[in-house]
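Following: one structure in structure tokens, then a few remarks.
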Amino acid sequence: MSHKSRFAKIRALVHFMSLRMRAWATEKMALRFITSLEDLSTHLSPVQDLPPCDLLNLDENASSRNVHLGNVRWNGNVESDIVGREDGERELLARLTVQDNDQDTLRLRFVSVVGEEAIGKTALVRSVFNRLDIDHSFQCRVWVHVPEEFTLKDLLVRILKQTPQQELKDLEHIKEENLKEILHKSLMELRYLIVFDNLHEANVMDELMILLVDSKNGSRVVITTPVPEIPALIDPWASPLKLNKLDADQSKRLLRQCGPVAEDPGLMAGILSKCSGSPLSILLLGGIAAASNDSSPVMEDQHADNHTLHDIVSLSYHKLPSLVKPCLLSLCLFPKDKEIPTRRLFRQWLAKGLVEAVGFTAIACFEELVGRNLVQVVRRRKLSGRPKSCRVPSFLHDFLCKMATQLRLLQIHSDTQCTNHSEESKVVNGCSSWIVKYQDDYYHQGFQKSAETEDHQHSGIHLQHLRSYVSFKTQKHGTRSREVEELLRSLIAKADCCLLRVLDLEGVYKPSLPAGLGNVLLNLRYLGLRWAVLDSIPESVGNMSRLETLDLKHTKVRNLPSSIWKAKSLQHLYMNEVCFNKSTNHRAPLAEYPNNLQTFWGLYVGAAKSPMLDVLSKLSSLEKLGLTCNSPAVKEATECMLRLTMLRSLKLRSRDLFGQPSDLNLSNMTGLEWISELYLLGGLPEASLGHLPRKLKILTLSLSGLGKFESLEILNLFAGSYNGRVLGCSASQGVKEAYVDKTALCCLEELEIKRCGRLTSIYSLDHIESLKQIRLIEVKEKLAKNIKDGLPRRVFIKEDQLVISRLSAQATQDN
């Protein structure tokens, strides 16, 4: 008994000391975390140029907001809109242009664009790379951002991923010699344009250039580099295109893009004197002045000389409102030079708690950053014109990574075993808010605590404090992602990942989702599975009570469990013609459905008595709806929408039992006065045109509308009939002539005419100065000729399967 008693006491003492040591370690970690938090608070809290009351009123109406929020807006320009570099743009375009009757232009050419860092080389090349005529002139266009450290295999993989090879899988695991052979064969039959952006080292390029096939078909290779010696090493016979700093006139024209700044000559002079012709410096200082309506931020230290670009970038960052800084810093987590979808960015900001649903919204923050020229809009949506994707300038991306690291928000450690040292890293010890690991374009982001006190790790990631996991592995074909499977398996096994807010597996090939995923990730706000080759999702997803966004678009998921309705916080649901299983209870009370649902995209309703129609009518907060119905269910579906007073955007498809477009037998929708965007796919009877909503801003009719008017021979479009940038006329078999009023369609950029078999003339298109492209599909050759003869300006006309005959390729290029 005595020995047993002593042993029990010793065990108790050892257990107590173990607990005490763990408590000391936890206390030490907590103190380190508090210190880090205090440093971060010190950095983000002060707003040097704003009165304190402005921060208190951010969530109120716009008039009482922080004066820096809401004063700048996106002016509609995109990244490729060049100001001040028009001469360089024309010269680069001339070097890329191919003349089929000129044998010299048909040989492979290397074009080098040389200039110092952040002088505008990339912007200039993108402006030409994205042109419609360049797009149509080359069968394959490839853009490769070259990191400072790279291998030949890195470049081979990046090029092959952008070539039209459908069967390539797991390129990263193919031997380098085999990749060389694949690339060589892939380029033999193609007229290609390859851009190597930001090249600092030419040694590896020698071996790559041997693989670039010269089929004497007009292929081109463009290189941008800050190193003047590189062009001569690659092609000694070609003269490089040199970019210098902007002159005084070019600088003024660029600064005028910043709006109100141009109204103050003194302010313009002060800004230009500090920038010395640097395009990025001009835009950043102009953005500060436009946001503040005050010259003081840019006129400080006006007697100081030698302002560097880093100084101006730093000033632009520190003049941001405190709430905007974390949103900007979070952009450095996306791979450098990556095109970022605004859809993905906004949802992540919201899920991470960086912005709010009301007040300080994602779009308000984004417009602030774009208005200050800290973020560039790459593409906009064709119909609405809203930003679709964006990018962070390379120099600014480097600055943000450094700033986030200094603030201990981000830690990156190079992995010496990786083939691409600049884009692959692993987490290291320390206390950070964002941990990033790249491996073939993907990262993990989350909280981390010291390795000395944390046992639950997965590939260097501390699972207990993981806040966000986001993938950039966009390979469409290949084996399952083992890293993702191991991570999810560890999450379920530990069952202690209550902090995880974002799980974004967009583009990951067939991730295996554990059945109990929703039982563990109870704090998850964002679950992104877009482009993941999935057939189903676990029923436990309905247990994620805080889930706000579920993205299943472009997957093979066709049935969702009814348990999804238990996710009471769900706001955005993206699908691909998904129907819910038969357990959906159409008699369930309203409280059992997520009243916060705003986006319901990709719903499929197969019958007029489907219980989902009753569910649909109860979603009172719905703003955006994408719905596919079998033809008999269309009328009942549109009647349900009369109760959705918040609905602003509707896409409605009708199809028959064989999946083909069918009749749209709409109920009277004139009462839906709140809908501004409407897309209809299917046969629209003549009587239904009078049943459409009256206050539409965007109307798209596909295989519907004019084709039902068999006696219609003339279509007139007068002023005010349409204000969009894109207009499509489809399946209008009865129309012979169309006339556009000289005050109509003044903003039109793209016109598509498809299957208008009797149409022979469209009059008065010559007044539309903004018109860039006309696409003709299955129309008469006479129509193509009449359009070309009536356009004195150069408009690119793409013809596809003309009814009588197809014009020659040379005639197409000439127009």
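Ordered as shown in the structure tokens, chains take letters A, B, and onward, while each chain numbers its residues from 1 and ligands are numbered from 1 in the order shown.
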*Can you tell me, as JSON, numbers by chain, what residues are no more than 9 Å from segment 237-250 of chain A when counting only C-alpha atoms, ignoring any on the same chain fewer than 3 positions away?*
{"A": [83, 84, 85, 88, 91, 92, 109, 110, 111, 112, 113, 114, 115, 116, 119, 120, 121, 228, 231, 232, 253, 254, 255, 272, 276, 277, 278, 279]}
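Taking atom CA of Thr105 of chain A as the reference point, atom CA of Leu93 of chain A is found at 12.6 Å.
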*Would you mind reading off the distance between atom CA of Leu696 of chain A and atom CA of Leu678 of chain A, one decimal, in Å?*
7.2 Å
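If you measure from each of A:Ala493, A:Leu625, A:Val615, A:Ile363 to Leu603 of chain A using only C-alpha atoms, the closest one turns out to be A:Leu625.
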